[in-house]
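**Q** Below is data.txt; it holds compact mmCIF, C-alpha atoms.
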# COMPACT_ATOMS: atom_id res chain seq x y z
CA GLY G 26 84.89 23.51 45.68
CA ASN G 27 86.75 22.39 48.75
CA SER G 28 89.66 20.04 48.22
CA VAL G 29 92.86 18.74 49.75
CA THR G 30 96.06 17.92 47.88
CA GLN G 31 98.79 15.78 49.40
CA MET G 32 102.18 14.79 48.14
CA GLU G 33 102.25 11.37 46.54
CA GLY G 34 104.01 8.61 48.34
CA PRO G 35 105.41 6.44 49.38
CA VAL G 36 107.80 8.40 51.51
CA THR G 37 110.65 6.16 52.54
CA LEU G 38 112.91 7.19 55.40
CA SER G 39 115.46 5.73 57.72
CA GLU G 40 114.76 5.75 61.42
CA GLU G 41 115.50 9.13 63.10
CA ALA G 42 115.22 11.03 59.81
CA PHE G 43 113.24 14.25 59.50
CA LEU G 44 109.77 13.94 58.02
CA THR G 45 107.76 16.40 55.99
CA ILE G 46 104.50 15.50 54.26
CA ASN G 47 103.08 18.37 52.25
CA CYS G 48 99.41 19.27 52.29
CA THR G 49 97.66 22.18 50.62
CA TYR G 50 94.00 22.95 50.54
CA THR G 51 91.37 24.88 48.64
CA ALA G 52 88.41 26.13 50.59
CA THR G 53 86.17 29.11 51.06
CA GLY G 54 86.34 30.85 54.38
CA TYR G 55 88.24 29.36 57.28
CA PRO G 56 88.17 25.57 57.42
CA SER G 57 89.46 23.41 60.22
CA LEU G 58 92.42 21.28 59.21
CA PHE G 59 93.33 17.78 60.35
CA TRP G 60 95.91 15.06 60.03
CA TYR G 61 94.73 11.48 60.43
CA VAL G 62 96.87 8.35 60.56
CA GLN G 63 95.83 4.90 59.39
CA TYR G 64 97.83 1.88 60.49
CA PRO G 65 97.58 -1.29 58.38
CA GLY G 66 94.15 -2.92 58.56
CA GLU G 67 92.77 -0.27 60.88
CA GLY G 68 90.51 2.76 60.72
CA LEU G 69 91.67 6.32 61.00
CA GLN G 70 92.95 7.97 64.13
CA LEU G 71 93.03 11.72 64.62
CA LEU G 72 96.66 12.75 64.90
CA LEU G 73 96.34 16.51 65.26
CA LYS G 74 94.24 19.44 64.20
CA ALA G 75 94.16 23.22 63.89
CA THR G 76 91.08 25.34 63.72
CA LYS G 77 92.36 28.78 62.75
CA ALA G 78 95.21 30.50 60.97
CA ASP G 79 98.66 30.26 62.62
CA ASP G 80 97.47 27.54 65.00
CA LYS G 81 99.93 24.71 65.47
CA GLY G 82 98.61 21.24 66.10
CA SER G 83 100.95 18.76 67.76
CA ASN G 84 100.84 15.19 69.01
CA LYS G 85 103.31 12.33 69.47
CA GLY G 86 106.16 14.46 68.11
CA PHE G 87 104.24 15.42 64.97
CA GLU G 88 103.46 19.06 64.23
CA ALA G 89 101.56 21.01 61.60
CA THR G 90 100.94 24.74 61.33
CA TYR G 91 97.85 26.23 59.70
CA ARG G 92 99.23 28.65 57.08
CA LYS G 93 96.46 30.63 55.49
CA GLU G 94 98.78 32.70 53.30
CA THR G 95 100.04 29.56 51.58
CA THR G 96 96.88 27.47 52.21
CA SER G 97 99.06 24.74 53.65
CA PHE G 98 99.14 22.38 56.62
CA HIS G 99 102.36 20.42 56.22
CA LEU G 100 103.04 17.58 58.64
CA GLU G 101 106.49 17.39 60.23
CA LYS G 102 108.34 15.21 62.69
CA GLY G 103 111.91 15.68 63.73
CA SER G 104 112.86 12.03 64.19
CA VAL G 105 110.69 9.25 62.80
CA GLN G 106 110.47 5.73 64.18
CA VAL G 107 109.65 2.43 62.52
CA SER G 108 106.35 2.48 64.39
CA ASP G 109 105.37 5.65 62.52
CA SER G 110 105.00 3.64 59.32
CA ALA G 111 101.40 4.19 58.23
CA VAL G 112 99.26 6.15 55.80
CA TYR G 113 98.74 9.79 56.68
CA PHE G 114 95.67 11.71 55.52
CA CYS G 115 95.28 15.45 55.48
CA ALA G 116 91.68 16.63 55.75
CA LEU G 117 89.57 19.73 56.06
CA SER G 118 86.15 20.47 57.41
CA ARG G 119 84.14 23.58 56.64
CA ASN G 120 81.19 23.08 58.90
CA THR G 121 82.34 20.43 61.37
CA ASP G 122 80.31 17.85 59.52
CA LYS G 123 81.85 16.63 56.34
CA LEU G 124 85.50 15.77 56.30
CA ILE G 125 87.21 16.10 52.94
CA PHE G 126 90.29 13.93 52.73
CA GLY G 127 93.40 14.05 50.63
CA THR G 128 94.51 10.90 48.86
CA GLY G 129 96.84 9.88 51.66
CA THR G 130 100.61 9.52 51.84
CA ARG G 131 102.19 6.23 52.78
CA LEU G 132 105.20 6.54 55.07
CA GLN G 133 107.66 3.69 55.33
CA VAL G 134 110.37 3.92 57.97
CA PHE G 135 113.21 1.42 57.95
CA PRO G 136 115.56 0.67 60.83
CA GLY B 1 89.18 8.53 74.66
CA ALA B 2 86.09 7.98 72.55
CA VAL B 3 85.79 4.49 71.14
CA VAL B 4 83.93 3.37 68.05
CA SER B 5 83.55 -0.33 67.41
CA GLN B 6 82.86 -1.72 63.96
CA HIS B 7 81.77 -5.28 63.29
CA PRO B 8 82.63 -7.46 61.52
CA SER B 9 86.20 -6.54 60.71
CA TRP B 10 86.28 -8.84 57.71
CA VAL B 11 83.61 -10.61 55.73
CA ILE B 12 83.62 -12.76 52.64
CA CYS B 13 80.37 -13.71 50.98
CA LYS B 14 78.89 -14.86 47.73
CA SER B 15 77.61 -12.53 45.06
CA GLY B 16 73.94 -11.71 45.51
CA THR B 17 73.84 -11.89 49.28
CA SER B 18 73.27 -8.95 51.61
CA VAL B 19 75.81 -7.96 54.23
CA LYS B 20 75.22 -5.90 57.34
CA ILE B 21 77.97 -3.88 59.03
CA GLU B 22 77.51 -2.47 62.50
CA CYS B 23 79.03 0.67 63.96
CA ARG B 24 78.75 1.31 67.68
CA SER B 25 79.87 4.18 69.84
CA LEU B 26 80.92 2.54 73.09
CA ASP B 27 81.37 5.41 75.48
CA PHE B 28 79.46 8.36 74.07
CA GLN B 29 76.20 9.14 72.37
CA ALA B 30 76.67 9.51 68.64
CA THR B 31 74.28 12.09 67.30
CA THR B 32 75.75 11.71 63.85
CA MET B 33 77.44 8.79 62.16
CA PHE B 34 79.25 8.76 58.85
CA TRP B 35 79.95 5.91 56.44
CA TYR B 36 82.99 5.98 54.18
CA ARG B 37 84.29 3.71 51.48
CA GLN B 38 87.98 3.31 50.78
CA PHE B 39 89.41 1.70 47.68
CA PRO B 40 92.90 0.22 47.77
CA LYS B 41 95.56 2.90 48.13
CA GLN B 42 92.98 5.64 47.80
CA SER B 43 91.36 8.11 50.11
CA LEU B 44 88.13 7.80 52.01
CA MET B 45 85.02 8.78 50.13
CA LEU B 46 82.02 9.81 52.18
CA MET B 47 79.01 7.71 51.30
CA ALA B 48 76.37 9.04 53.65
CA THR B 49 75.69 10.91 56.85
CA SER B 50 73.10 9.70 59.31
CA ASN B 51 71.54 11.42 62.27
CA GLU B 52 69.85 9.39 64.97
CA GLY B 53 66.20 8.89 64.20
CA SER B 54 66.40 10.45 60.73
CA LYS B 55 66.90 9.19 57.22
CA ALA B 56 70.47 9.18 56.03
CA THR B 57 71.76 11.81 53.64
CA TYR B 58 73.59 10.18 50.76
CA GLU B 59 76.40 11.70 48.73
CA GLN B 60 75.96 12.15 45.02
CA GLY B 61 76.43 8.92 43.14
CA VAL B 62 75.76 6.62 46.09
CA GLU B 63 72.78 4.31 45.55
CA LYS B 64 70.35 4.57 48.43
CA ASP B 65 68.70 1.26 47.66
CA LYS B 66 72.05 -0.46 47.43
CA PHE B 67 73.53 0.84 50.65
CA LEU B 68 70.86 0.90 53.34
CA ILE B 69 71.73 2.88 56.44
CA ASN B 70 69.89 2.72 59.72
CA HIS B 71 70.67 4.87 62.75
CA ALA B 72 67.98 3.81 65.19
CA SER B 73 69.78 4.66 68.42
CA LEU B 74 72.43 7.03 69.71
CA THR B 75 74.97 4.22 69.87
CA LEU B 76 74.33 2.13 66.79
CA SER B 77 74.25 2.61 63.05
CA THR B 78 74.18 -0.14 60.45
CA LEU B 79 75.12 -0.26 56.81
CA THR B 80 73.57 -3.02 54.74
CA VAL B 81 75.02 -3.74 51.32
CA THR B 82 72.11 -5.34 49.48
CA SER B 83 72.58 -7.91 46.73
CA ALA B 84 76.32 -7.44 46.89
CA HIS B 85 78.46 -7.94 43.82
CA PRO B 86 82.24 -8.13 43.36
CA GLU B 87 82.43 -4.42 42.54
CA ASP B 88 81.13 -3.70 46.04
CA SER B 89 84.27 -5.23 47.50
CA SER B 90 86.01 -2.52 49.46
CA PHE B 91 87.02 -1.28 52.89
CA TYR B 92 84.10 0.38 54.66
CA ILE B 93 84.77 2.69 57.58
CA CYS B 94 82.32 4.35 59.92
CA SER B 95 82.82 7.32 62.18
CA ALA B 96 80.74 8.81 64.93
CA ARG B 97 80.40 12.22 66.44
CA GLY B 98 78.61 13.59 69.47
CA HIS B 99 77.79 17.27 69.34
CA SER B 100 78.45 19.32 66.22
CA ASN B 101 81.62 20.90 67.60
CA GLN B 102 83.21 17.55 68.42
CA PRO B 103 85.56 15.59 66.16
CA GLN B 104 84.68 12.37 64.38
CA HIS B 105 85.94 9.13 65.89
CA PHE B 106 86.58 6.30 63.47
CA GLY B 107 85.99 2.59 63.65
CA ASP B 108 88.64 0.12 62.54
CA GLY B 109 86.85 -0.59 59.29
CA THR B 110 85.30 -3.63 57.64
CA ARG B 111 86.94 -5.35 54.72
CA LEU B 112 84.22 -6.71 52.46
CA SER B 113 85.09 -9.25 49.80
CA ILE B 114 82.38 -10.46 47.42
CA LEU B 115 83.16 -13.61 45.47
Let me see whether you can do it: turn the structure in this file into structure tokens.
**A**
Amino acid sequence: GNSVTQMEGPVTLSEEAFLTINCTYTATGYPSLFWYVQYPGEGLQLLLKATKADDKGSNKGFEATYRKETTSFHLEKGSVQVSDSAVYFCALSRNTDKLIFGTGTRLQVFP
Amino acid sequence: GAVVSQHPSWVICKSGTSVKIECRSLDFQATTMFWYRQFPKQSLMLMATSNEGSKATYEQGVEKDKFLINHASLTLSTLTVTSAHPEDSSFYICSARGHSNQPQHFGDGTRLSIL
């Protein structure tokens, strides 16, 4: 079946450090891939997405590239800020209806 | 951008009571709404999908009679947790989508605590 695997957290970084959160997926065909961010006590916000192989999604300094050969969609940011502290969810969708989420990775950024 | 409002944001009630959670799309017509449940430090699990004017489609293992979903208009869906018990305590999140090629927009969630 379709599934998403994320690296376990928490990921703890100092401000301005480089961030990578790994995400791999299992799916038939060509799913759309997403990164969502959840700030404490809030719902999810779409951070970025990619709908086909080699697409790069980007937003607010975050980037992720849809790699079909490695079935990955790793999230990266060159210089994190304290305000980036949140839980990040990788997700896929096969038919634009159901979203299948990974378990989430908590990011903690310290000044 | 698209806004989804969820109410209440936090509710505490006694065991055995029923609790209703509202999910509204404020600036678009939500053809489809989704209800998720999130346990502490875990991912979101889809509970059900509802299309306006139709019965909700529940995921395997979700009790239909326990979690009543109504999607009577293009801007409002409700989730009613009937005869709630402590094990129903969780964070419930709704999302809404317009057309099928549009992304889901999430509400801020409702934290439900059953004493």
**Q** Neighbouring residues of region 3-11 of chain B were defined as those with any atom within 6 Å, considering all atoms listed in the file; residues of the same chain fewer than 3 positions away were excluded. Please report them as a PDB file with C-alpha atoms, keeping the file's coordinate frame.
**A**
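And here is the file that came out, result.pdb:
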ATOM      1  CA  ILE B  21      77.970  -3.880  59.030  1.00  0.00           C
ATOM      2  CA  GLU B  22      77.510  -2.470  62.500  1.00  0.00           C
ATOM      3  CA  CYS B  23      79.030   0.670  63.960  1.00  0.00           C
ATOM      4  CA  ARG B  24      78.750   1.310  67.680  1.00  0.00           C
ATOM      5  CA  SER B  25      79.870   4.180  69.840  1.00  0.00           C
ATOM      6  CA  LEU B  26      80.920   2.540  73.090  1.00  0.00           C
ATOM      7  CA  GLY B 107      85.990   2.590  63.650  1.00  0.00           C
ATOM      8  CA  THR B 110      85.300  -3.630  57.640  1.00  0.00           C
ATOM      9  CA  ARG B 111      86.940  -5.350  54.720  1.00  0.00           C
ATOM     10  CA  LEU B 112      84.220  -6.710  52.460  1.00  0.00           C
TER      11      LEU B 112
END
**Q** Which is closest to Phe87 (chain G) among G:Ser28, G:Arg131, G:Gly66, G:Phe43, if we use all atoms listed in the file?
**A**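 Among G:Ser28, G:Arg131, G:Gly66, G:Phe43, it is G:Phe43 that comes nearest to Phe87 (chain G).
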**Q** Here's a test: counting only C-alpha atoms, identify every protein, DNA and RNA residue with an atom at most 6 Å from (73.2, -7.3, 54.6) in the file's coordinate frame, and state them as a PyMOL selection string.
**A** chain B and resi 18-20+80-82
**Q** Residues of chain B within 7 Å of chain G, using only C-alpha atoms, as a PyMOL selection string?
**A** chain B and resi 42-44+93+100-101+106-109
**Q** For Ser83 (chain B), which of B:Gln104, B:Ile114, B:Ser54, B:Asp27 is the closest residue, counting all atoms listed in the file?
**A**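 The shortest atom-to-atom distance to Ser83 (chain B) comes from B:Ile114.
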**Q** Find the residues with any atom within 7 Å of (69.8, 0.2, 52.4); use all atoms listed in the file and the coordinates as given in the file, and write the answer as a PyMOL selection string.
**A** chain B and resi 64-69+79-82
**Q** CA of Gln133 (chain G) to CA of Tyr113 (chain G): how many Å, to one decimal?
**A**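 Atom-to-atom, CA of Gln133 (chain G) and CA of Tyr113 (chain G) are spaced 10.9 Å apart.
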**Q** Box for region 14-29 of chain B - axis-aligned, 3 Å on each of the six sides, all listed atoms - centre and size in Å to one decimal, as JSON.
**A**
{"center_x": 77.3, "center_y": -2.9, "center_z": 60.3, "size_x": 14.1, "size_y": 30.0, "size_z": 36.4}
**Q** Name all residues at most 9 Å from Gly86 (chain G) (count all atoms listed in the file; drop same-chain ones fewer than 4 positions away) and give them as a list in words.
**A**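 Residues meeting the cut-off are Glu101, Lys102, Gly103, Ser104 and Val105 of chain G.
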**Q** Write out N, CA and C atoms for region 53-74 of chain B, as a PDB file, in the coordinates of the input.
**A**
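Output contents, as saved in part-v6.pdb:
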ATOM      1  N   GLY B  53      67.632   8.721  64.369  1.00  0.00           N
ATOM      2  CA  GLY B  53      66.200   8.890  64.200  1.00  0.00           C
ATOM      3  C   GLY B  53      65.778   9.503  62.878  1.00  0.00           C
ATOM      4  N   SER B  54      66.734   9.840  62.021  1.00  0.00           N
ATOM      5  CA  SER B  54      66.400  10.450  60.730  1.00  0.00           C
ATOM      6  C   SER B  54      66.913   9.597  59.582  1.00  0.00           C
ATOM      7  N   LYS B  55      66.395   9.885  58.408  1.00  0.00           N
ATOM      8  CA  LYS B  55      66.900   9.190  57.220  1.00  0.00           C
ATOM      9  C   LYS B  55      68.300   9.692  56.911  1.00  0.00           C
ATOM     10  N   ALA B  56      69.103   8.805  56.369  1.00  0.00           N
ATOM     11  CA  ALA B  56      70.470   9.180  56.030  1.00  0.00           C
ATOM     12  C   ALA B  56      70.502  10.107  54.817  1.00  0.00           C
ATOM     13  N   THR B  57      71.518  10.943  54.788  1.00  0.00           N
ATOM     14  CA  THR B  57      71.760  11.810  53.640  1.00  0.00           C
ATOM     15  C   THR B  57      72.900  11.227  52.836  1.00  0.00           C
ATOM     16  N   TYR B  58      72.606  10.859  51.595  1.00  0.00           N
ATOM     17  CA  TYR B  58      73.590  10.180  50.760  1.00  0.00           C
ATOM     18  C   TYR B  58      74.333  11.185  49.886  1.00  0.00           C
ATOM     19  N   GLU B  59      75.602  10.897  49.647  1.00  0.00           N
ATOM     20  CA  GLU B  59      76.400  11.700  48.730  1.00  0.00           C
ATOM     21  C   GLU B  59      76.008  11.376  47.291  1.00  0.00           C
ATOM     22  N   GLN B  60      76.298  12.326  46.440  1.00  0.00           N
ATOM     23  CA  GLN B  60      75.960  12.150  45.020  1.00  0.00           C
ATOM     24  C   GLN B  60      76.649  10.908  44.472  1.00  0.00           C
ATOM     25  N   GLY B  61      75.878  10.117  43.765  1.00  0.00           N
ATOM     26  CA  GLY B  61      76.430   8.920  43.140  1.00  0.00           C
ATOM     27  C   GLY B  61      76.331   7.673  43.992  1.00  0.00           C
ATOM     28  N   VAL B  62      75.904   7.789  45.223  1.00  0.00           N
ATOM     29  CA  VAL B  62      75.760   6.620  46.090  1.00  0.00           C
ATOM     30  C   VAL B  62      74.307   6.137  46.019  1.00  0.00           C
ATOM     31  N   GLU B  63      74.127   4.852  45.709  1.00  0.00           N
ATOM     32  CA  GLU B  63      72.780   4.310  45.550  1.00  0.00           C
ATOM     33  C   GLU B  63      72.124   4.044  46.903  1.00  0.00           C
ATOM     34  N   LYS B  64      71.039   4.721  47.151  1.00  0.00           N
ATOM     35  CA  LYS B  64      70.350   4.570  48.430  1.00  0.00           C
ATOM     36  C   LYS B  64      69.790   3.169  48.621  1.00  0.00           C
ATOM     37  N   ASP B  65      69.309   2.586  47.546  1.00  0.00           N
ATOM     38  CA  ASP B  65      68.700   1.260  47.660  1.00  0.00           C
ATOM     39  C   ASP B  65      69.753   0.159  47.750  1.00  0.00           C
ATOM     40  N   LYS B  66      70.950   0.504  47.386  1.00  0.00           N
ATOM     41  CA  LYS B  66      72.050  -0.460  47.430  1.00  0.00           C
ATOM     42  C   LYS B  66      72.706  -0.475  48.806  1.00  0.00           C
ATOM     43  N   PHE B  67      72.866   0.691  49.350  1.00  0.00           N
ATOM     44  CA  PHE B  67      73.530   0.840  50.650  1.00  0.00           C
ATOM     45  C   PHE B  67      72.513   1.414  51.641  1.00  0.00           C
ATOM     46  N   LEU B  68      71.896   0.505  52.396  1.00  0.00           N
ATOM     47  CA  LEU B  68      70.860   0.900  53.340  1.00  0.00           C
ATOM     48  C   LEU B  68      71.492   1.254  54.680  1.00  0.00           C
ATOM     49  N   ILE B  69      71.166   2.426  55.173  1.00  0.00           N
ATOM     50  CA  ILE B  69      71.730   2.880  56.440  1.00  0.00           C
ATOM     51  C   ILE B  69      70.615   3.109  57.439  1.00  0.00           C
ATOM     52  N   ASN B  70      70.841   2.555  58.631  1.00  0.00           N
ATOM     53  CA  ASN B  70      69.890   2.720  59.720  1.00  0.00           C
ATOM     54  C   ASN B  70      70.615   3.249  60.935  1.00  0.00           C
ATOM     55  N   HIS B  71      70.055   4.267  61.560  1.00  0.00           N
ATOM     56  CA  HIS B  71      70.670   4.870  62.750  1.00  0.00           C
ATOM     57  C   HIS B  71      69.573   5.011  63.792  1.00  0.00           C
ATOM     58  N   ALA B  72      69.174   3.863  64.332  1.00  0.00           N
ATOM     59  CA  ALA B  72      67.980   3.810  65.190  1.00  0.00           C
ATOM     60  C   ALA B  72      68.237   4.239  66.620  1.00  0.00           C
ATOM     61  N   SER B  73      69.497   4.253  67.044  1.00  0.00           N
ATOM     62  CA  SER B  73      69.780   4.660  68.420  1.00  0.00           C
ATOM     63  C   SER B  73      71.011   5.535  68.444  1.00  0.00           C
ATOM     64  N   LEU B  74      71.285   6.121  69.575  1.00  0.00           N
ATOM     65  CA  LEU B  74      72.430   7.030  69.710  1.00  0.00           C
ATOM     66  C   LEU B  74      73.756   6.294  69.804  1.00  0.00           C
TER      67      LEU B  74
END
